[in-house]
Amino acid sequence: MYKINSPLTITEDGIQLLKKAEKDNVETVWDRHKAQQPQCGFCDMGLSCRICIMGPCRVDPFGEGPQAGVCGADADIIVARNLCRMIAAGAASHSDHGRDLVEVLASVATNSAPGYTIREEGKLKLLAQEYGVETEGKEILAIAGELAQAMMEDYGMRKKQITLVKRAPEKRRKVWETVGITPRGIDRETSEMMHRTHMGVDNNWQSLLVQGLRNALSDGWGGSMIATEVSDILFGIPTPRPTMVNAGVLKDDHVNIVVHGHNPVVSEMISLACISPLLLELAKRKGAKGINLAGVCCTGNELLMRRGIAMAGNHLMTELILSTGAVDMMIVDYQCIMPSIGKVAACYHTKIISTSDKAKFPGMEHHEFHPENAQKKAMSIVEMAINNFPNRKEVFIPVKPQAAVGGFSVETIVKALGGTADPLIDAIKAGKIRGAVGIVGCNNPKIMHDYGHVTLTRRLIENDILVVDTGCVSVANAKAGFKVPSAIEMAGPGLKEICGSLGIPPVLHLGSCVDNVRILVLVSALANALGVDISDLPVAGSAPEWYSEKAVTIGVYCVASGITTHLGPMPPIAGSMNVVKLLTQGLEDVVGATFAVEPDPEKAALFLIRHIEKKRAGLGLDSRSL
Ligand code: SF4
Ligand code: MSK
């Protein structure tokens, strides 16, 4: 059951800061969610349409009112079109983020991005080889320039398929070819999706959804994968590192700067400015002991993965973090930044800075970052934050920080395993690790904050299932104490033994939302090692508290890649039983995986455990019945 508004969060810092926000008359996401009740039932079921101006239209789910929009579109068409537009928006968001990184790579190649550099020459060369760029005898910057151009071509349609689909196991690629969903170009699939959903184009709900699968794959094996790989090249391959999480990471005697958003291009430069001796000296002159950089949402995750920067909170904590009164500056880039943030900050001394030409917000000061000016801009912005420190008034930091370990990339997981995936495969074969689940995604005020993530994770590790997480889940799980080596005490005996011998926690932090592609690479390696398809593996995905269009796209590319995926909140599709049946049952015959919707994480855990045991049986491994 949804646990709407009672209580709002399972976290101690959240509970304390909600009281503080109330005392300060700060309106939060929960207040606005309450004010929206009852939310529109037609929209909730996906049955409303405003694609053209003959509408808006809606279809009556009880069969008494209109059964078609003005153009004649029925419930199946309207629901499918709406879902497909969500997929397109999610793919566009991740993939445009990837493009921004490729542009930085291109600027580094021409020496026009001061402060940025190639940190991972080995990975650059490996990617160059994958893209068919000759590396022999070439300067590293020349390779970077050619790779950037080759990646840009993936966004268009000059090839039959995008480059990185080659990373998928052969069996999976055959499935995509048979169904006709091999993605051809990153922008092309999104553009075609928008075209097909225009009034009077594709009015077959099945073929719309098939294009939805291809569109999502263009993100998972295209735009998002490029975003992650280029981030690694520019900023470093993540390695496990200790960090701290929750609102307690803010320091009352330091200048506190919080970065929020998704793209590490800005936050990396901010993190370097925060360790500048010049600015540290200025901070001391202003009465602070130092500069404390923390993150929220995925920009924070990017910094945590590579630099161990502390995480103050996840999606639903972004307003509450400001109500501590301890944040001297919040710097945002794009995605998942509530337009309310400027208004909340105005209740305190906090300065809020927006940095992207494509993401401007009310009540924020806009300072546009580009590769050419980012280094200088970062210095001047951090200086502004320091100058704001003396303006602080009452500060309320409600809890002590929780320790955690973050920063697991595929490369470091394989390294931790001794150089190959064999120990993991052996542990799965022996049944000590039953399987693995990737828990991803957001928070949503429709579900008690962090309850879904933490409950599901606890049940899975208790049942010897390894959990990898990304995005806002990773903060919830870190706050719950699942990410210290001693957390193996909460795991089942097999998982405890394996993680204990490797010195890793039972829940591994794989990064930000775009970093879900690390899961695709990991399951591809496992499938190849076992000589099976991804859909044969004892693995699953889950998004217990998702809210965003990007999460829809992630879920769809996971399913299209053969990973059965659980969703907490119901997507807006209940208005068409045809669409519901296809997504929850019919896709099994098409791509070997489906969606399952279950808001209650206890029941979702049972579903996922049973799914993993079924897959084990399919591989001829021992299987427990539940
Ligand atoms: Fe109505 Fe059809 Fe226009 Fe949608 S596309 S708003 S259903 S007329
Ligand atoms: S930030 S997409 S709320 S995970 Fe990536 Fe969190 Fe979801 Fe945004």
# chains A, B, ... in the order shown; residues from 1 in each chain; ligands from 1
call {"tool": "residues_around", "arguments": {"residues": "Val395 of chain A", "least_positions_apart": "6", "cutoff": "12 Å", "atoms": "only C-alpha atoms", "output": "number ranges by chain"}}
result
A: 17, 20, 247-248, 250-254, 256, 321-328, 348-350, 389
call {"tool": "residues_around", "arguments": {"residues": "segment 402-406 of chain A", "least_positions_apart": "4", "cutoff": "7 Å", "atoms": "only C-alpha atoms", "output": "count of residues only"}}
result
14
call {"tool": "closest_atom_pairs", "arguments": {"of": "chain A", "to": "ligand 1", "cutoff": "12 Å", "atoms": "only C-alpha atoms and all ligand atoms", "output": "JSON lines"}}
result
{"residue": "A:Gly46", "atom": "CA", "partner": "ligand 1", "partner_atom_place_in_ligand_line": "7 (S)", "distance": 11.5}
{"residue": "A:Leu47", "atom": "CA", "partner": "ligand 1", "partner_atom_place_in_ligand_line": "7 (S)", "distance": 9.1}
{"residue": "A:Ser48", "atom": "CA", "partner": "ligand 1", "partner_atom_place_in_ligand_line": "7 (S)", "distance": 7.5}
{"residue": "A:Cys49", "atom": "CA", "partner": "ligand 1", "partner_atom_place_in_ligand_line": "4 (Fe)", "distance": 4.3}
{"residue": "A:Arg50", "atom": "CA", "partner": "ligand 1", "partner_atom_place_in_ligand_line": "6 (S)", "distance": 4.0}
{"residue": "A:Ile51", "atom": "CA", "partner": "ligand 1", "partner_atom_place_in_ligand_line": "6 (S)", "distance": 4.6}
{"residue": "A:Cys52", "atom": "CA", "partner": "ligand 1", "partner_atom_place_in_ligand_line": "3 (Fe)", "distance": 3.8}
{"residue": "A:Ile53", "atom": "CA", "partner": "ligand 1", "partner_atom_place_in_ligand_line": "3 (Fe)", "distance": 5.8}
{"residue": "A:Met54", "atom": "CA", "partner": "ligand 1", "partner_atom_place_in_ligand_line": "8 (S)", "distance": 4.7}
{"residue": "A:Gly55", "atom": "CA", "partner": "ligand 1", "partner_atom_place_in_ligand_line": "6 (S)", "distance": 3.6}
{"residue": "A:Pro56", "atom": "CA", "partner": "ligand 1", "partner_atom_place_in_ligand_line": "6 (S)", "distance": 4.4}
{"residue": "A:Cys57", "atom": "CA", "partner": "ligand 1", "partner_atom_place_in_ligand_line": "1 (Fe)", "distance": 4.4}
{"residue": "A:Arg58", "atom": "CA", "partner": "ligand 1", "partner_atom_place_in_ligand_line": "7 (S)", "distance": 7.0}
{"residue": "A:Val59", "atom": "CA", "partner": "ligand 1", "partner_atom_place_in_ligand_line": "7 (S)", "distance": 8.6}
{"residue": "A:Pro66", "atom": "CA", "partner": "ligand 1", "partner_atom_place_in_ligand_line": "7 (S)", "distance": 10.8}
{"residue": "A:Gln67", "atom": "CA", "partner": "ligand 1", "partner_atom_place_in_ligand_line": "7 (S)", "distance": 10.2}
{"residue": "A:Ala68", "atom": "CA", "partner": "ligand 1", "partner_atom_place_in_ligand_line": "7 (S)", "distance": 6.8}
{"residue": "A:Gly69", "atom": "CA", "partner": "ligand 1", "partner_atom_place_in_ligand_line": "7 (S)", "distance": 3.8}
{"residue": "A:Val70", "atom": "CA", "partner": "ligand 1", "partner_atom_place_in_ligand_line": "8 (S)", "distance": 4.1}
{"residue": "A:Cys71", "atom": "CA", "partner": "ligand 1", "partner_atom_place_in_ligand_line": "8 (S)", "distance": 4.1}
{"residue": "A:Gly72", "atom": "CA", "partner": "ligand 1", "partner_atom_place_in_ligand_line": "2 (Fe)", "distance": 6.3}
{"residue": "A:Ala73", "atom": "CA", "partner": "ligand 1", "partner_atom_place_in_ligand_line": "7 (S)", "distance": 5.3}
{"residue": "A:Asp74", "atom": "CA", "partner": "ligand 1", "partner_atom_place_in_ligand_line": "7 (S)", "distance": 7.7}
{"residue": "A:Ala75", "atom": "CA", "partner": "ligand 1", "partner_atom_place_in_ligand_line": "7 (S)", "distance": 9.1}
{"residue": "A:Asp76", "atom": "CA", "partner": "ligand 1", "partner_atom_place_in_ligand_line": "7 (S)", "distance": 11.0}
{"residue": "A:Ile77", "atom": "CA", "partner": "ligand 1", "partner_atom_place_in_ligand_line": "7 (S)", "distance": 8.7}
{"residue": "A:Ile78", "atom": "CA", "partner": "ligand 1", "partner_atom_place_in_ligand_line": "7 (S)", "distance": 6.6}
{"residue": "A:Val79", "atom": "CA", "partner": "ligand 1", "partner_atom_place_in_ligand_line": "7 (S)", "distance": 10.1}
{"residue": "A:Ala80", "atom": "CA", "partner": "ligand 1", "partner_atom_place_in_ligand_line": "4 (Fe)", "distance": 11.7}
{"residue": "A:Arg81", "atom": "CA", "partner": "ligand 1", "partner_atom_place_in_ligand_line": "4 (Fe)", "distance": 9.2}
{"residue": "A:Asn82", "atom": "CA", "partner": "ligand 1", "partner_atom_place_in_ligand_line": "4 (Fe)", "distance": 9.6}
{"residue": "A:Arg196", "atom": "CA", "partner": "ligand 1", "partner_atom_place_in_ligand_line": "5 (S)", "distance": 11.5}
{"residue": "A:Thr197", "atom": "CA", "partner": "ligand 1", "partner_atom_place_in_ligand_line": "5 (S)", "distance": 8.5}
{"residue": "A:His198", "atom": "CA", "partner": "ligand 1", "partner_atom_place_in_ligand_line": "5 (S)", "distance": 7.1}
{"residue": "A:Met199", "atom": "CA", "partner": "ligand 1", "partner_atom_place_in_ligand_line": "5 (S)", "distance": 4.6}
{"residue": "A:Gly200", "atom": "CA", "partner": "ligand 1", "partner_atom_place_in_ligand_line": "5 (S)", "distance": 7.5}
{"residue": "A:Val201", "atom": "CA", "partner": "ligand 1", "partner_atom_place_in_ligand_line": "5 (S)", "distance": 10.0}
{"residue": "A:Asp202", "atom": "CA", "partner": "ligand 1", "partner_atom_place_in_ligand_line": "5 (S)", "distance": 11.3}
{"residue": "A:Asn203", "atom": "CA", "partner": "ligand 1", "partner_atom_place_in_ligand_line": "5 (S)", "distance": 10.3}
call {"tool": "residues_around", "arguments": {"residues": "Tyr334 of chain A", "least_positions_apart": "3", "cutoff": "7 Å", "atoms": "only C-alpha atoms", "output": "JSON, numbers by chain"}}
result
{"A": [261, 262, 337, 359]}
call {"tool": "write_last_selection", "arguments": {"atoms": "N, CA, C and O atoms", "output": "PDB file, in the first residue's frame"}}
result
ATOM      1  N   GLY A 261      22.104  18.128  -8.957  1.00  0.00           N
ATOM      2  CA  GLY A 261      21.824  17.947 -10.379  1.00  0.00           C
ATOM      3  C   GLY A 261      22.386  16.625 -10.853  1.00  0.00           C
ATOM      4  O   GLY A 261      22.299  15.619 -10.140  1.00  0.00           O
ATOM      5  N   HIS A 262      22.989  16.632 -12.049  1.00  0.00           N
ATOM      6  CA  HIS A 262      23.463  15.365 -12.615  1.00  0.00           C
ATOM      7  C   HIS A 262      24.808  15.399 -13.298  1.00  0.00           C
ATOM      8  O   HIS A 262      25.490  14.381 -13.379  1.00  0.00           O
ATOM      9  N   ILE A 337      15.863  19.023 -10.154  1.00  0.00           N
ATOM     10  CA  ILE A 337      15.993  20.204  -9.277  1.00  0.00           C
ATOM     11  C   ILE A 337      14.610  20.852  -9.192  1.00  0.00           C
ATOM     12  O   ILE A 337      14.094  21.364 -10.188  1.00  0.00           O
ATOM     13  N   ALA A 359      18.967  25.182 -18.188  1.00  0.00           N
ATOM     14  CA  ALA A 359      18.228  24.919 -16.951  1.00  0.00           C
ATOM     15  C   ALA A 359      18.258  26.159 -16.065  1.00  0.00           C
ATOM     16  O   ALA A 359      19.199  26.373 -15.298  1.00  0.00           O
TER      17      ALA A 359
END
call {"tool": "closest_residue", "arguments": {"among": "A:Asp31, A:Asp357, A:Glu22, A:Asp536", "to": "Asp100 of chain A", "atoms": "only C-alpha atoms"}}
result
A:Asp357
call {"tool": "select_by_dssp", "arguments": {"residues": "segment 309-547 of chain A", "states": "strand (DSSP E or B)", "output": "NGL selection string"}}
result
:A and (310-313 or 329-332 or 351-354 or 356 or 359 or 365-366 or 402-406 or 435-439 or 449 or 465-470 or 507-511 or 539-543)
call {"tool": "residues_near_ligand", "arguments": {"ligand": "ligand 2", "cutoff": "6 Å", "atoms": "only C-alpha atoms and all ligand atoms", "output": "ChimeraX atom specification"}}
result
/A:297-298,315,336,441-443,471-472,512-513,548,550
call {"tool": "closest_residue", "arguments": {"among": "A:Glu598, A:Asp219, A:Asp450, A:Glu394", "to": "Thr553 of chain A", "atoms": "only C-alpha atoms"}}
result
A:Asp219
call {"tool": "closest_residue", "arguments": {"among": "A:Val265, A:Val454, A:Met45, A:Ile118", "to": "Asp60 of chain A", "atoms": "only C-alpha atoms"}}
result
A:Met45
call {"tool": "residues_around", "arguments": {"residues": "segment 277-287 of chain A", "least_positions_apart": "6", "cutoff": "12 Å", "atoms": "only C-alpha atoms", "output": "PyMOL selection string"}}
result
chain A and resi 252-256+270-271+328+378-392
